[in-house]
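For reference, the structure discussed in these notes is given below.
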Amino acid sequence: MPVSRDNDPEPHSAGRADTTHQNDTSPQRAENPLASTNAKAPAEPVWITPGSAAFRRISIALFLAGYATFSLIYCVQPLLPELANHFAVGPAESSLALSLTTGFLAFAILLAGAVSEAAGRKQLMLVSMCVASILNLIAPFLSDWHAFLVVRALEGLILGGVPAVAMAYLAEEIDPKGLGMAMGIYISGTAIGGLSGRVVIGFLADLFGWHVALGAMGALGLVAALGFAFLLPASRNFVRRPGFQVRYHLRAWKGHLTHAGLPFVFLTGAFAMGCFVTVFNYVGFRLSDAPYGLSQGQIGLIFVVYLCGSVTSSIAGALSDKLGRGPVLVVGLLLAGAGVALTMLESLIGIIGGIVVLTSGFFVAHSIASGWVGRLANGAKGHASSLYLLAYYLGSSIMGSAGGWFWAHGGWNAVAGFAGMLLVGALLCGLYLWRLASQATQRVQGAVRAQAN
């Protein structure tokens with residue numbers, strides 16, 4: 001199967017690609033640094049190239065957005081026992097502090113891309129980060145459990161304005177040759193945020209109590225939002241659509257769902273995330289039992305492997321710009337499969353090693369798949385990103401919960417088998433996309449040779 005540098009099932013048109021020479025090293029500066037969109041959009045896309053000052057600013061800003069979003073989402077996970085004791089609820093009910101957030105996030109993501117078409121990319125992301133951070137600051141002062149859950153649900157609903165819109169912003173502003181690298185940096189920010197939300201807050205809670213720890217995560221979110229506001233350039237290639245045009249949004253979603261390649265990218269994200277969450281949901285049960293007997297604090301340290309995801313997602317993005325997305329995606333999924341297999345070993349070192357390998361492979365696959373969405377979407381990129389992330393989080397919630405049945409009826413080997421089946425589904429989608437991309441590349445090369453003759 002030939003490898004091409006630009007292996008999209010439906011490459012950008014030649015006219016669009018020819019606009020890359022018009023790019024400046026930095027975008028036109030709006031008078032207000034908080035502006036969402038420049039006053040005048042160019043007739044042709046004006047890309048931001050890798051290595052430029054604007055590219056570095058965008059990379060740092062979107063890293064901060066990813067960090068803030070996922071640290072706010074997952075910061076309650078290590079605190080669930082504390083929340084259960086403080087509010088006098090059971091373990092299952094305490095888990096609603098996280099599951100309601102991710103559930104409302106999945107719903108909000110579907111609409112966020114549509115709303116951003118009218119509100120603007122940067123503006124929506126900034127408002128989402130600020131309001132969610134403020135809610136996280138309010139949550140520790142609530143004495144009623146149900147009020148606490150309402151705030152956590154609102155956080156998920158509001159944070160939906162970041163992930164889908166961030167992907168759309170990058171796809172619209174970054175030179176296609178550097179999109180993989182930029183998307184990888186953003187994904188690395190989400191990995192660091194997930195790590196901070198799960199691990200750092202545990203240490204803060206031990207030192208200062210869970211109330212201070214939860215409030216501190218909200219304060220860090222506000223600091224990240226401030227940096228994001230002043231670093232992210234205003235959109236240059238985005239065209240605002242005033243109002244909420246229902247028919248337009250329905251046509252946009254339908255167009256993406258009937259695309260030759262996009263639905264398979266969505267399925268790849270759903271299967272890969274389902275596998276990843278399944279393993280992390282139930283490995284704690286295994287390691288807390290004999291013969292391992294690890295404490296909750298020791299199990300929580302496993303999330304440090306998210307650092308591997310931060311590194312591999314950035315590397316994968318850069319490699320995809322050189323080698324093509326298809327081969328890097330397939331390698332990432334195979335790496336994740338090897339990690340799942342290693343978790344079936346009896347030794348603790350083997351299990352931890354398997355989790356490290358799985359995490360590395362998963363973030364490679366997620367980075368490539370999320371970047372591919374923006375390249376394949378023919379317009380309405382916010383809608384395409386929202387569909388990908390909807391599938392991604394539905395895979396997390398549905399398949400992650402389904403893994404509990406396998407744990408109850410067959411133990412860890414059954415869980416690993418289920419996770420492996422999900423990766424097989426993702427791999428089949430990845431191979432199809434690679435084949436589709438290679439065929440498209442061959443057609444383009446044939447057309448170029450025909451014109452030359």
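Here's how to read the names in the structure tokens: chain A, B, ... by the order shown, residue numbers from 1 in each chain, ligand numbers from 1 in the order shown.
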
Helix (DSSP H, G or I) per DSSP on the backbone: members of stretch 44-289 of chain A, as a ChimeraX atom specification = /A:53-74,77-87,91-94,96-119,121-141,145-159,163-173,176-208,210-231,246-257,262-288

Close residues, stretch 377-386 of chain A itself excluded, 10 Å, only C-alpha atoms, min 4 positions apart in chain, as a VMD selection string = chain A and resid 10 to 12 106 to 117 121 160 to 161 163 to 172 238 248 to 257 259 261 to 263 266 370 to 373 390 to 392

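Going from atom CA of A:Ile192 over to atom CA of A:Trp210, you cover 20.4 Å.
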
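Restricting the calculation to only C-alpha atoms, the smallest distance between A:Trp412 and any of A:Trp434, A:Phe285, A:Tyr393, A:Phe63 is found for A:Phe285.
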
Shortest contact to A:Ala61, candidates A:Phe271, A:Phe362, A:Phe230, A:Phe280, atoms counted only C-alpha atoms, goes to A:Phe230

Mind pulling up the distance from atom CA of A:Leu231 to atom CA of A:Ser59?
->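 Between atom CA of A:Ser59 and atom CA of A:Leu231 the gap is 9.1 Å.
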